[in-house]
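Novice: See query-v1.txt below, with compact mmCIF, C-alpha atoms and all ligand atoms.
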```txt
# COMPACT_ATOMS: atom_id res chain seq x y z
CA MET A 1 -19.55 -27.32 11.65
CA ILE A 2 -17.84 -29.32 8.96
CA ILE A 3 -15.87 -27.62 6.19
CA GLU A 4 -17.76 -28.34 2.98
CA LYS A 5 -16.57 -25.91 0.29
CA ILE A 6 -13.61 -23.61 -0.36
CA ASP A 7 -13.47 -20.94 -3.07
CA THR A 8 -10.32 -19.04 -4.04
CA PHE A 9 -10.04 -15.56 -5.56
CA PRO A 10 -6.62 -14.62 -6.95
CA LEU A 11 -6.66 -10.87 -7.61
CA ARG A 12 -4.14 -8.76 -9.49
CA HIS A 13 -4.15 -5.10 -10.43
CA ASP A 14 -1.57 -3.41 -12.67
CA LEU A 15 -0.33 -0.03 -11.50
CA HIS A 16 -0.19 2.92 -13.90
CA PRO A 17 2.09 4.59 -12.99
CA PRO A 18 4.20 2.34 -10.76
CA TYR A 19 5.44 3.39 -7.32
CA GLY A 20 7.93 1.99 -4.90
CA ASP A 21 10.43 1.93 -2.07
CA ALA A 22 14.09 0.99 -1.62
CA ASN A 23 13.27 -2.47 -2.99
CA GLY A 24 12.32 -0.98 -6.38
CA LEU A 25 9.18 0.12 -8.21
CA LYS A 26 6.03 -2.00 -7.95
CA ARG A 27 4.18 -2.49 -11.23
CA TYR A 28 1.20 -4.40 -9.86
CA ARG A 29 -0.61 -5.24 -6.64
CA ALA A 30 -1.97 -8.68 -5.85
CA THR A 31 -3.85 -10.49 -3.13
CA PHE A 32 -5.43 -13.91 -2.70
CA LEU A 33 -8.80 -14.33 -1.00
CA VAL A 34 -10.21 -17.59 0.29
CA ARG A 35 -13.83 -18.30 1.28
CA ILE A 36 -14.50 -21.34 3.46
CA THR A 37 -18.10 -22.52 3.79
CA THR A 38 -19.36 -25.06 6.31
CA SER A 39 -22.12 -27.66 6.08
CA SER A 40 -24.33 -25.34 8.16
CA GLY A 41 -23.97 -22.64 5.50
CA ILE A 42 -21.70 -20.30 7.49
CA SER A 43 -18.83 -18.73 5.52
CA GLY A 44 -15.59 -17.08 6.52
CA TRP A 45 -13.03 -15.15 4.47
CA GLY A 46 -9.26 -15.30 4.61
CA GLU A 47 -6.45 -13.53 2.78
CA CYS A 48 -2.84 -14.29 1.97
CA VAL A 49 -0.10 -12.97 -0.27
CA ASP A 50 2.47 -14.71 -2.43
CA TRP A 51 2.91 -15.55 -6.10
CA LEU A 52 -0.69 -16.11 -7.24
CA PRO A 53 -0.16 -19.24 -9.42
CA ALA A 54 1.72 -20.94 -6.55
CA LEU A 55 -1.04 -20.10 -4.08
CA GLU A 56 -3.73 -21.34 -6.45
CA LEU A 57 -1.90 -24.63 -7.03
CA GLY A 58 -1.19 -25.13 -3.33
CA PHE A 59 -4.81 -24.65 -2.34
CA ARG A 60 -6.19 -26.77 -5.18
CA GLU A 61 -3.79 -29.69 -4.84
CA GLN A 62 -3.13 -29.87 -1.12
CA ILE A 63 -4.91 -27.46 1.23
CA ILE A 64 -8.49 -27.75 -0.03
CA PRO A 65 -8.46 -31.58 -0.14
CA PHE A 66 -6.98 -31.58 3.38
CA LEU A 67 -9.59 -29.21 4.81
CA ILE A 68 -12.77 -30.64 3.28
CA GLY A 69 -14.61 -32.69 5.90
CA LYS A 70 -12.62 -31.27 8.85
CA LYS A 71 -14.19 -29.42 11.82
CA ALA A 72 -14.13 -25.63 11.34
CA THR A 73 -13.66 -25.27 15.12
CA ASP A 74 -10.24 -26.98 14.96
CA ARG A 75 -8.50 -23.78 13.85
CA LEU A 76 -5.26 -24.20 15.81
CA VAL A 77 -4.79 -27.85 14.83
CA LEU A 78 -5.58 -27.26 11.15
CA THR A 79 -3.45 -24.13 10.72
CA LYS A 80 -0.47 -25.78 12.42
CA LYS A 81 -0.57 -28.56 9.82
CA ILE A 82 -0.97 -26.15 6.87
CA ALA A 83 1.75 -23.84 8.20
CA ALA A 84 4.21 -26.71 7.92
CA TRP A 85 3.48 -26.72 4.16
CA HIS A 86 3.08 -22.99 3.55
CA ALA A 87 2.80 -20.53 6.43
CA ARG A 88 1.22 -17.72 4.42
CA SER A 89 -1.62 -19.96 3.23
CA ALA A 90 -2.23 -20.96 6.85
CA ALA A 91 -2.76 -17.28 7.72
CA ALA A 92 -5.69 -17.11 5.27
CA VAL A 93 -7.24 -20.31 6.63
CA SER A 94 -6.93 -19.06 10.21
CA MET A 95 -8.79 -15.83 9.37
CA ALA A 96 -11.62 -17.70 7.66
CA LEU A 97 -12.03 -20.20 10.51
CA THR A 98 -11.95 -17.37 13.08
CA GLU A 99 -14.78 -15.63 11.26
CA ILE A 100 -16.81 -18.84 10.99
CA VAL A 101 -16.69 -19.48 14.73
CA ALA A 102 -17.52 -15.85 15.55
CA THR A 103 -20.45 -15.87 13.11
CA ALA A 104 -21.76 -19.17 14.48
CA ALA A 105 -21.68 -17.67 17.98
CA GLY A 106 -23.38 -14.48 16.81
CA LEU A 107 -20.34 -12.45 17.91
CA ASN A 108 -17.86 -10.02 16.42
CA VAL A 109 -14.36 -11.53 16.26
CA THR A 110 -13.24 -9.08 18.96
CA ASP A 111 -15.91 -10.53 21.31
CA LEU A 112 -14.53 -13.97 20.57
CA TRP A 113 -11.07 -12.69 21.61
CA GLY A 114 -12.35 -11.40 24.95
CA GLY A 115 -13.64 -7.99 24.00
CA ARG A 116 -12.10 -4.77 22.76
CA PHE A 117 -10.49 -1.98 24.77
CA ARG A 118 -11.51 0.64 22.18
CA ASP A 119 -13.83 1.14 19.21
CA GLU A 120 -11.44 3.39 17.30
CA VAL A 121 -7.88 2.62 16.25
CA PRO A 122 -5.52 5.27 14.83
CA VAL A 123 -3.87 4.69 11.47
CA TYR A 124 -0.90 6.34 9.80
CA ALA A 125 -0.84 7.20 6.12
CA SER A 126 1.92 5.19 4.48
CA PHE A 127 3.54 6.23 1.21
CA GLN A 128 5.66 4.54 -1.44
CA SER A 129 7.70 7.66 -2.08
CA TYR A 130 9.57 6.74 -5.25
CA SER A 131 8.08 7.06 -8.71
CA GLU A 132 9.02 7.57 -12.34
CA HIS A 133 8.03 11.24 -12.16
CA GLU A 134 10.86 13.49 -13.32
CA ASP A 135 10.65 15.36 -10.01
CA TRP A 136 9.79 12.49 -7.69
CA ILE A 137 10.26 14.67 -4.61
CA ALA A 138 7.66 17.21 -5.78
CA HIS A 139 5.26 14.33 -6.55
CA SER A 140 5.81 12.86 -3.09
CA ILE A 141 5.17 16.22 -1.43
CA ARG A 142 1.85 16.60 -3.30
CA LEU A 143 0.69 13.16 -2.12
CA VAL A 144 1.68 13.75 1.50
CA GLU A 145 0.06 17.20 1.50
CA GLN A 146 -3.17 15.66 0.21
CA ALA A 147 -3.19 13.19 3.12
CA VAL A 148 -2.65 15.99 5.63
CA THR A 149 -5.55 17.92 4.07
CA GLU A 150 -7.69 14.79 4.55
CA GLY A 151 -6.94 14.78 8.28
CA HIS A 152 -3.97 12.44 8.61
CA ARG A 153 -1.56 13.53 11.33
CA MET A 154 0.74 10.51 11.22
CA LEU A 155 2.69 9.78 8.05
CA LYS A 156 5.43 7.48 6.78
CA ILE A 157 7.72 8.09 3.81
CA LYS A 158 10.51 6.04 2.23
CA VAL A 159 14.26 6.51 2.26
CA GLY A 160 17.13 4.23 1.29
CA GLY A 161 16.39 3.89 -2.42
CA ARG A 162 18.22 6.95 -3.73
CA PRO A 163 21.61 8.51 -2.95
CA ILE A 164 21.56 9.64 0.64
CA ARG A 165 21.76 13.41 -0.13
CA GLU A 166 18.75 13.09 -2.47
CA ASP A 167 16.76 11.20 0.19
CA GLN A 168 17.72 13.83 2.76
CA ALA A 169 16.54 16.61 0.43
CA HIS A 170 13.21 14.76 0.24
CA VAL A 171 12.94 14.53 4.03
CA GLN A 172 13.86 18.20 4.42
CA ALA A 173 11.23 19.20 1.82
CA ILE A 174 8.51 17.10 3.49
CA GLN A 175 9.34 18.57 6.92
CA ASP A 176 9.30 22.10 5.48
CA MET A 177 5.86 21.45 3.98
CA LEU A 178 4.52 19.90 7.21
CA GLY A 179 5.75 22.69 9.43
CA GLY A 180 5.15 20.53 12.49
CA ARG A 181 1.51 19.80 11.57
CA ALA A 182 2.01 16.02 11.60
CA GLN A 183 4.25 13.28 12.95
CA LEU A 184 6.60 11.58 10.50
CA ALA A 185 8.25 8.16 10.22
CA ILE A 186 10.96 7.23 7.72
CA ASP A 187 11.43 3.69 6.41
CA ALA A 188 14.68 2.49 4.81
CA ASN A 189 13.58 -1.12 4.12
CA GLU A 190 16.90 -2.44 5.53
CA SER A 191 18.97 -0.38 3.06
CA TYR A 192 21.88 0.84 5.16
CA ASP A 193 24.64 -0.37 7.42
CA LEU A 194 25.53 1.18 10.74
CA ALA A 195 28.07 3.58 9.21
CA GLU A 196 25.56 4.91 6.66
CA VAL A 197 22.93 5.55 9.35
CA LYS A 198 25.44 7.89 11.02
CA ALA A 199 25.10 10.17 7.98
CA TRP A 200 21.47 10.78 9.05
CA LEU A 201 22.16 11.78 12.66
CA THR A 202 22.66 15.53 12.18
CA LEU A 203 19.61 15.91 9.95
CA LEU A 204 17.34 13.91 12.26
CA GLU A 205 18.23 16.17 15.21
CA ARG A 206 16.53 19.13 13.47
CA TRP A 207 12.96 18.06 14.25
CA ASP A 208 11.04 16.57 17.16
CA ASN A 209 8.01 15.24 15.28
CA TRP A 210 9.48 11.82 14.53
CA MET A 211 7.40 8.68 14.98
CA TRP A 212 10.26 6.31 14.25
CA PHE A 213 13.13 5.25 11.92
CA GLU A 214 11.99 1.95 10.38
CA GLU A 215 14.40 -0.84 9.46
CA PRO A 216 17.49 1.29 8.79
CA ILE A 217 19.64 -1.87 8.55
CA PRO A 218 18.95 -5.59 7.92
CA MET A 219 16.82 -7.07 10.67
CA ASP A 220 19.15 -10.01 11.37
CA ARG A 221 21.84 -7.64 12.72
CA VAL A 222 20.42 -7.64 16.23
CA ASP A 223 23.62 -6.36 17.87
CA ASP A 224 23.75 -3.41 15.49
CA TYR A 225 20.11 -2.58 16.28
CA VAL A 226 21.05 -2.38 19.95
CA LYS A 227 23.76 0.17 19.01
CA LEU A 228 21.31 2.03 16.78
CA ARG A 229 18.89 2.52 19.65
CA GLN A 230 21.72 4.16 21.59
CA MET A 231 22.81 6.32 18.64
CA LEU A 232 19.45 7.62 17.47
CA SER A 233 17.30 10.19 19.25
CA LEU A 234 14.13 8.76 17.70
CA PRO A 235 12.51 5.34 18.22
CA VAL A 236 13.67 2.40 16.08
CA ALA A 237 11.02 0.13 14.53
CA GLY A 238 11.03 -3.04 12.48
CA GLY A 239 10.02 -6.64 11.88
CA GLU A 240 7.48 -6.57 9.03
CA ASN A 241 8.99 -9.68 7.43
CA LEU A 242 9.50 -11.67 10.62
CA THR A 243 7.28 -14.73 10.69
CA GLY A 244 6.14 -15.13 14.26
CA PRO A 245 6.77 -14.51 17.96
CA ALA A 246 9.88 -16.73 17.95
CA ALA A 247 11.41 -14.61 15.19
CA PHE A 248 10.76 -11.43 17.20
CA TYR A 249 12.08 -12.90 20.43
CA PRO A 250 15.83 -12.22 19.86
CA HIS A 251 15.03 -8.53 19.23
CA VAL A 252 12.84 -8.40 22.32
CA GLN A 253 15.41 -10.14 24.50
CA ALA A 254 18.23 -7.84 23.31
CA ARG A 255 16.03 -4.71 23.58
CA ALA A 256 16.94 -4.04 19.94
CA LEU A 257 13.71 -2.28 18.93
CA ASP A 258 11.42 0.37 20.39
CA ILE A 259 8.49 -0.75 18.24
CA LEU A 260 7.63 -4.22 16.86
CA GLN A 261 5.96 -4.19 13.45
CA PRO A 262 4.42 -7.63 12.82
CA ASP A 263 2.38 -8.19 9.66
CA VAL A 264 -0.68 -10.47 9.73
CA VAL A 265 0.05 -11.99 6.30
CA HIS A 266 3.66 -12.75 7.21
CA HIS A 267 2.59 -14.76 10.28
CA SER A 268 1.30 -18.32 10.09
CA SER A 269 -2.04 -17.38 11.67
CA ILE A 270 -3.99 -14.52 13.17
CA ASP A 271 -3.44 -16.28 16.50
CA ALA A 272 0.38 -16.15 16.07
CA PHE A 273 0.10 -12.48 15.08
CA ARG A 274 -1.82 -11.74 18.29
CA ASP A 275 0.85 -13.64 20.23
CA THR A 276 3.50 -11.26 18.80
CA LEU A 277 1.42 -8.27 19.91
CA GLN A 278 1.26 -9.74 23.40
CA LEU A 279 4.99 -10.52 23.36
CA GLY A 280 5.63 -6.83 22.83
CA ARG A 281 3.12 -5.77 25.47
CA HIS A 282 4.48 -8.11 28.12
CA ALA A 283 8.04 -6.98 27.35
CA GLY A 284 7.14 -3.29 27.50
CA ILE A 285 7.84 -2.74 23.80
CA ARG A 286 5.35 -0.97 21.58
CA VAL A 287 3.58 -2.78 18.73
CA SER A 288 2.43 -1.10 15.52
CA ALA A 289 1.29 -3.53 12.84
CA HIS A 290 2.75 -3.36 9.36
CA SER A 291 0.08 -3.80 6.68
CA PHE A 292 0.80 -3.35 3.00
CA ASP A 293 -0.73 -6.25 1.08
CA GLY A 294 -4.43 -6.89 0.75
CA GLY A 295 -7.31 -5.40 2.71
CA LEU A 296 -8.88 -8.06 4.93
CA ALA A 297 -5.56 -8.59 6.73
CA ARG A 298 -5.58 -4.90 7.65
CA LEU A 299 -9.04 -5.27 9.21
CA TYR A 300 -7.71 -8.16 11.32
CA ALA A 301 -4.73 -6.03 12.37
CA LEU A 302 -7.14 -3.28 13.43
CA TYR A 303 -9.33 -5.71 15.36
CA ALA A 304 -6.31 -7.26 17.06
CA GLN A 305 -5.03 -3.80 18.05
CA ALA A 306 -8.46 -2.99 19.52
CA CYS A 307 -8.01 -5.98 21.84
CA VAL A 308 -4.55 -4.98 23.09
CA GLU A 309 -4.20 -3.03 26.31
CA SER A 310 -2.86 0.52 25.95
CA TRP A 311 0.89 0.89 26.38
CA SER A 312 0.31 3.83 28.70
CA LYS A 313 -2.14 4.89 31.39
CA MET A 314 -2.91 8.02 29.39
CA ASP A 315 -6.58 7.88 28.65
CA ASP A 316 -6.66 8.93 25.02
CA ILE A 317 -6.09 7.48 21.58
CA SER A 318 -2.37 8.30 21.64
CA ALA A 319 -1.97 5.49 24.14
CA ILE A 320 -2.56 2.91 21.42
CA GLU A 321 -0.13 2.58 18.56
CA PRO A 322 -1.35 3.21 15.01
CA ILE A 323 -1.82 0.61 12.26
CA GLU A 324 -0.30 1.18 8.82
CA TRP A 325 -2.80 2.51 6.26
CA ASP A 326 -1.63 2.19 2.66
CA TYR A 327 -2.24 5.59 1.05
CA MET A 328 -1.21 4.57 -2.48
CA GLU A 329 -3.41 3.37 -5.36
CA ASN A 330 -4.57 0.04 -3.93
CA PRO A 331 -7.91 -1.43 -5.04
CA TYR A 332 -7.79 -4.01 -2.25
CA THR A 333 -8.39 -1.36 0.37
CA ASP A 334 -11.99 -1.51 -0.92
CA ILE A 335 -12.30 -5.17 0.11
CA ILE A 336 -13.35 -4.06 3.60
CA GLY A 337 -14.98 -0.76 2.65
CA LEU A 338 -13.63 1.20 5.64
CA LYS A 339 -12.02 4.62 5.33
CA PRO A 340 -10.13 6.61 7.95
CA VAL A 341 -11.72 9.76 9.34
CA ASP A 342 -9.28 12.19 10.96
CA GLY A 343 -6.64 9.46 10.95
CA LYS A 344 -8.78 6.90 12.79
CA ILE A 345 -10.82 3.85 11.83
CA LYS A 346 -14.10 3.31 13.65
CA LEU A 347 -14.37 -0.43 13.97
CA PRO A 348 -17.54 -2.32 13.00
CA THR A 349 -19.44 -4.12 15.74
CA GLY A 350 -21.40 -6.58 13.59
CA VAL A 351 -21.28 -10.36 13.69
CA GLY A 352 -18.16 -12.06 12.31
CA ILE A 353 -15.86 -9.48 10.73
CA GLY A 354 -18.69 -6.95 10.73
CA VAL A 355 -18.41 -5.93 7.08
CA PRO A 356 -19.31 -7.57 3.79
CA ILE A 357 -16.30 -8.54 1.68
CA GLY A 358 -16.17 -6.60 -1.57
CA VAL A 359 -14.99 -9.12 -4.14
CA THR A 360 -16.11 -6.87 -6.97
CA VAL A 361 -12.78 -5.04 -6.69
CA ARG A 362 -10.82 -4.74 -9.92
CA CYS A 363 -9.26 -7.98 -11.08
CA ASP A 364 -6.99 -8.56 -14.03
CA PRO A 365 -8.39 -11.79 -15.59
CA GLU A 366 -5.06 -12.74 -17.22
CA SER A 367 -3.65 -13.39 -13.77
CA ARG A 368 -6.18 -16.14 -13.02
MG MG A 401 8.71 -1.04 6.21
```
The structure in this file should be written as structure tokens.
Ligand code: MG

Specialist:
Amino acid sequence: MIIEKIDTFPLRHDLHPPYGDANGLKRYRATFLVRITTSSGISGWGECVDWLPALELGFREQIIPFLIGKKATDRLVLTKKIAAWHARSAAAVSMALTEIVATAAGLNVTDLWGGRFRDEVPVYASFQSYSEHEDWIAHSIRLVEQAVTEGHRMLKIKVGGRPIREDQAHVQAIQDMLGGRAQLAIDANESYDLAEVKAWLTLLERWDNWMWFEEPIPMDRVDDYVKLRQMLSLPVAGGENLTGPAAFYPHVQARALDILQPDVVHHSSIDAFRDTLQLGRHAGIRVSAHSFDGGLARLYALYAQACVESWSKMDDISAIEPIEWDYMENPYTDIIGLKPVDGKIKLPTGVGIGVPIGVTVRCDPESR
């Protein structure tokens, strides 16, 4: 199976109105799809995220010429080389080559990985809580309430982007609305320092439906995370921007996190991402993939989670950690055409990635 052709699909969608987190409001969403086709006619899709013109140039000038004529079965060798140039591009190539081998074998990618432990994986509805609405808290409550009505029982909202009393009023209002009907995570996107987190302690003690407190402080402050775990009564999660198992290792070694949150598109390959899941499992630390950009990467996160042993002997779906499900306006969710039912995704069983890729999703041509 020789790589014969590679097509790229830079996609951008402007948001009206914008939404955001502690890092600011997002005014557009973007993703970059890659289709690799072999001489035998088998294709595989990959996805990565970065500045679209840079990705397009990198593929056209360096990655595509390098890959043409190579063996599609040399995934590890090829992605290692590309990762040295641009790790995020390597992630897309690794997905596409994984799908090609699975399709050639007539198998789903989870069969290629040794089989799945479950056919359903739970997801949590993830919100970008800040907006330009005059009453952003009321707008956030309406969105979260809609997700609960649709069957979601695990939710994540943002903190850290507004004065702390305003963020706490938001959390209080969301908890009042939920009335214990769902579990809740809060995500500060590394906004605070250790002293500022202390201002949350009293409020957090009021409820017992917490999933976790995500990235309260910058991730490189490993020692402070160790102290945080001792201070907080709820689990501490983080790591969405870490780039591989080696980057997670200091946090694992120091027992600085309760939950690792690797992101497929921030790793150099789907193989490295699965290694991080296993690092957590072998260390007795939970793993709940972060997934914000794109759509295909989320499917790979779901498949990878299906192939991870449960963290507990409890024989129900609560024994496997949920995957992040972007609840906001995001046309790239339609790339894989799967929708949660009662907060779970039933995974396809078909050959390759088991679903057709929907490249008819909205695309702003000026971005090409
Ligand atoms: Mg986060």

Novice: I'd like the neighbourhood of A:Lys344 as a PDB file with C-alpha atoms, in the frame of the given file, where a residue qualifies if any of its atoms comes within 7 Å (using only C-alpha atoms), though same-chain residues fewer than 2 positions away should be ignored.

Specialist:
```pdb
ATOM      1  CA  GLU A 120     -11.440   3.390  17.300  1.00  0.00           C
ATOM      2  CA  VAL A 121      -7.880   2.620  16.250  1.00  0.00           C
ATOM      3  CA  PRO A 122      -5.520   5.270  14.830  1.00  0.00           C
ATOM      4  CA  VAL A 123      -3.870   4.690  11.470  1.00  0.00           C
ATOM      5  CA  PRO A 340     -10.130   6.610   7.950  1.00  0.00           C
ATOM      6  CA  VAL A 341     -11.720   9.760   9.340  1.00  0.00           C
ATOM      7  CA  ASP A 342      -9.280  12.190  10.960  1.00  0.00           C
ATOM      8  CA  LYS A 346     -14.100   3.310  13.650  1.00  0.00           C
TER       9      LYS A 346
END
```

Novice: Using only C-alpha atoms and all ligand atoms, what are the residues with an atom within 10 Å of ligand MG 401 (chain A), set out as a list in words?

Specialist: Asp21, Ala22, Ser126, Gln128, Lys156, Ile157, Lys158, Ile186, Asp187, Ala188, Asn189, Glu190, Phe213, Glu214, Glu215, Pro216, Ala237, Gly238, Gly239, Glu240, Asn241, Gln261, His290, Ser291, Phe292 and Glu324 of chain A

Novice: Between A:Ile353, A:Thr110, A:Asp135, A:Gln146, which is the closest to A:Arg274 once you count only C-alpha atoms?

Specialist: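 The answer is A:Thr110, which sits nearest to A:Arg274.
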
Novice: Expressed in Å to a single decimal, how great is the separation between atom CA of A:Glu132 and atom CA of A:Arg12?

Specialist: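 If I compute the distance from atom CA of A:Glu132 to atom CA of A:Arg12, I get 21.2 Å.
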
Novice: Do you know which residues lie at most 10 Å from (-3.2, -23.5, -7.6), with coordinates as in the file and all atoms listed in the file counted, and could you write them as a ChimeraX atom specification?

Specialist: /A:8,10,52-63,368

Novice: Grab the residues selected above and save them as an mmCIF file, in the coordinates of the input with C-alpha atoms.

Specialist:
```cif
data_model
loop_
_atom_site.group_PDB
_atom_site.id
_atom_site.type_symbol
_atom_site.label_atom_id
_atom_site.label_comp_id
_atom_site.auth_asym_id
_atom_site.auth_seq_id
_atom_site.Cartn_x
_atom_site.Cartn_y
_atom_site.Cartn_z
ATOM 1 C CA THR A 8 -10.320 -19.040 -4.040
ATOM 2 C CA PRO A 10 -6.620 -14.620 -6.950
ATOM 3 C CA LEU A 52 -0.690 -16.110 -7.240
ATOM 4 C CA PRO A 53 -0.160 -19.240 -9.420
ATOM 5 C CA ALA A 54 1.720 -20.940 -6.550
ATOM 6 C CA LEU A 55 -1.040 -20.100 -4.080
ATOM 7 C CA GLU A 56 -3.730 -21.340 -6.450
ATOM 8 C CA LEU A 57 -1.900 -24.630 -7.030
ATOM 9 C CA GLY A 58 -1.190 -25.130 -3.330
ATOM 10 C CA PHE A 59 -4.810 -24.650 -2.340
ATOM 11 C CA ARG A 60 -6.190 -26.770 -5.180
ATOM 12 C CA GLU A 61 -3.790 -29.690 -4.840
ATOM 13 C CA GLN A 62 -3.130 -29.870 -1.120
ATOM 14 C CA ILE A 63 -4.910 -27.460 1.230
ATOM 15 C CA ARG A 368 -6.180 -16.140 -13.020
#
```

Novice: Calculated over all atoms listed in the file, which of the candidates A:Tyr19, A:Trp45, A:Tyr303, A:Tyr130 has the smallest distance to A:Val101?

Specialist: A:Trp45

Novice: Quote the spacing between atom CA of A:Gly179 and atom CA of A:Asp208 in Å to one decimal place.

Specialist: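 Computing the Euclidean distance for atom CA of A:Gly179 and atom CA of A:Asp208 yields 11.2 Å.
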
Novice: Leaving out stretch 32-35 of chain A and any residue of its chain fewer than 4 positions from it, which residues lie within 9 Å of it when counting all atoms listed in the file, given as number ranges by chain?

Specialist: A: 5-12, 43-50, 52, 55-56, 92-93, 96, 294, 296, 359

Novice: Neighbouring residues of A:Tyr300 were defined as those with any atom within 9 Å, considering all atoms listed in the file; residues of the same chain fewer than 3 positions away were excluded. Please report them as a ChimeraX atom specification.

Specialist: /A:95,109,264,270,296-297,303-305,353

Novice: Kindly give the distance, in Å, that separates atom CA of A:Ile64 and atom CA of A:Ala105, rounded to a single decimal.

Specialist: 24.5 Å

Novice: Could you list, as an mmCIF file with C-alpha atoms, in the frame of the given file, every residue within 12 Å of A:Val308, counting only C-alpha atoms and ignoring same-chain residues fewer than 6 positions away?

Specialist:
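For reference, out-v1.cif as written:
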```cif
data_model
loop_
_atom_site.group_PDB
_atom_site.id
_atom_site.type_symbol
_atom_site.label_atom_id
_atom_site.label_comp_id
_atom_site.auth_asym_id
_atom_site.auth_seq_id
_atom_site.Cartn_x
_atom_site.Cartn_y
_atom_site.Cartn_z
ATOM 1 C CA THR A 110 -13.240 -9.080 18.960
ATOM 2 C CA TRP A 113 -11.070 -12.690 21.610
ATOM 3 C CA GLY A 114 -12.350 -11.400 24.950
ATOM 4 C CA GLY A 115 -13.640 -7.990 24.000
ATOM 5 C CA ARG A 116 -12.100 -4.770 22.760
ATOM 6 C CA PHE A 117 -10.490 -1.980 24.770
ATOM 7 C CA ARG A 118 -11.510 0.640 22.180
ATOM 8 C CA ASP A 119 -13.830 1.140 19.210
ATOM 9 C CA VAL A 121 -7.880 2.620 16.250
ATOM 10 C CA PHE A 273 0.100 -12.480 15.080
ATOM 11 C CA ARG A 274 -1.820 -11.740 18.290
ATOM 12 C CA ASP A 275 0.850 -13.640 20.230
ATOM 13 C CA THR A 276 3.500 -11.260 18.800
ATOM 14 C CA LEU A 277 1.420 -8.270 19.910
ATOM 15 C CA GLN A 278 1.260 -9.740 23.400
ATOM 16 C CA LEU A 279 4.990 -10.520 23.360
ATOM 17 C CA GLY A 280 5.630 -6.830 22.830
ATOM 18 C CA ARG A 281 3.120 -5.770 25.470
ATOM 19 C CA HIS A 282 4.480 -8.110 28.120
ATOM 20 C CA ARG A 286 5.350 -0.970 21.580
ATOM 21 C CA VAL A 287 3.580 -2.780 18.730
ATOM 22 C CA SER A 288 2.430 -1.100 15.520
ATOM 23 C CA ALA A 289 1.290 -3.530 12.840
ATOM 24 C CA ALA A 301 -4.730 -6.030 12.370
ATOM 25 C CA LEU A 302 -7.140 -3.280 13.430
ATOM 26 C CA ALA A 319 -1.970 5.490 24.140
ATOM 27 C CA ILE A 320 -2.560 2.910 21.420
ATOM 28 C CA GLU A 321 -0.130 2.580 18.560
ATOM 29 C CA PRO A 322 -1.350 3.210 15.010
#
```

Novice: For A:Phe248, which of A:Lys227, A:Val236, A:Val144, A:Val222 is the closest residue, counting only C-alpha atoms?

Specialist: A:Val222

Novice: Quick one: of A:Glu145, A:Arg298, A:Ala87, A:Lys198, who's nearest to A:Ser268, counting only C-alpha atoms?

Specialist: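 Closest to A:Ser268, using only C-alpha atoms: A:Ala87.
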
Novice: A:Ile68: which residues within 10 Å, counting all atoms listed in the file, same-chain residues fewer than 6 positions away excluded, as a list in words?

Specialist: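 These residues fall inside the cut-off: Ile2, Ile3, Glu4, Lys5, Ile6, Ile36, Thr37 and Thr38 of chain A.
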
Novice: Using only C-alpha atoms, find the one residue out of A:Ile336, A:Ile137, A:Met328, A:Leu257 that sits nearest to A:Pro17.

Specialist: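 Using only C-alpha atoms, A:Pro17 sits closest to A:Met328.
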
Novice: Kindly complete stretch 205-212 of chain A to N, CA, C and O atoms; the output should be written as a JSON list (two decimals), keeping the file's coordinate frame.

Specialist:
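Final file, result.json:
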```json
[["chain", "number", "residue", "atom", "x", "y", "z"],
["A", 205, "GLU", "N", 18.28, 15.36, 13.99],
["A", 205, "GLU", "CA", 18.23, 16.17, 15.21],
["A", 205, "GLU", "C", 17.44, 17.47, 15.01],
["A", 205, "GLU", "O", 17.08, 18.14, 15.96],
["A", 206, "ARG", "N", 17.16, 17.83, 13.73],
["A", 206, "ARG", "CA", 16.53, 19.13, 13.47],
["A", 206, "ARG", "C", 15.06, 19.19, 13.89],
["A", 206, "ARG", "O", 14.51, 20.26, 14.03],
["A", 207, "TRP", "N", 14.41, 18.04, 13.98],
["A", 207, "TRP", "CA", 12.96, 18.06, 14.25],
["A", 207, "TRP", "C", 12.63, 17.15, 15.44],
["A", 207, "TRP", "O", 13.37, 16.23, 15.75],
["A", 208, "ASP", "N", 11.46, 17.41, 16.03],
["A", 208, "ASP", "CA", 11.04, 16.57, 17.16],
["A", 208, "ASP", "C", 9.70, 15.88, 16.88],
["A", 208, "ASP", "O", 9.04, 15.42, 17.81],
["A", 209, "ASN", "N", 9.31, 15.85, 15.61],
["A", 209, "ASN", "CA", 8.01, 15.24, 15.28],
["A", 209, "ASN", "C", 8.16, 13.84, 14.71],
["A", 209, "ASN", "O", 7.29, 13.36, 13.98],
["A", 210, "TRP", "N", 9.27, 13.17, 15.07],
["A", 210, "TRP", "CA", 9.48, 11.82, 14.53],
["A", 210, "TRP", "C", 8.61, 10.78, 15.23],
["A", 210, "TRP", "O", 8.49, 10.78, 16.46],
["A", 211, "MET", "N", 8.05, 9.87, 14.42],
["A", 211, "MET", "CA", 7.40, 8.68, 14.98],
["A", 211, "MET", "C", 8.45, 7.59, 15.19],
["A", 211, "MET", "O", 8.53, 7.00, 16.25],
["A", 212, "TRP", "N", 9.20, 7.30, 14.14],
["A", 212, "TRP", "CA", 10.26, 6.31, 14.25],
["A", 212, "TRP", "C", 11.12, 6.28, 12.98],
["A", 212, "TRP", "O", 10.73, 6.84, 11.94]]
```
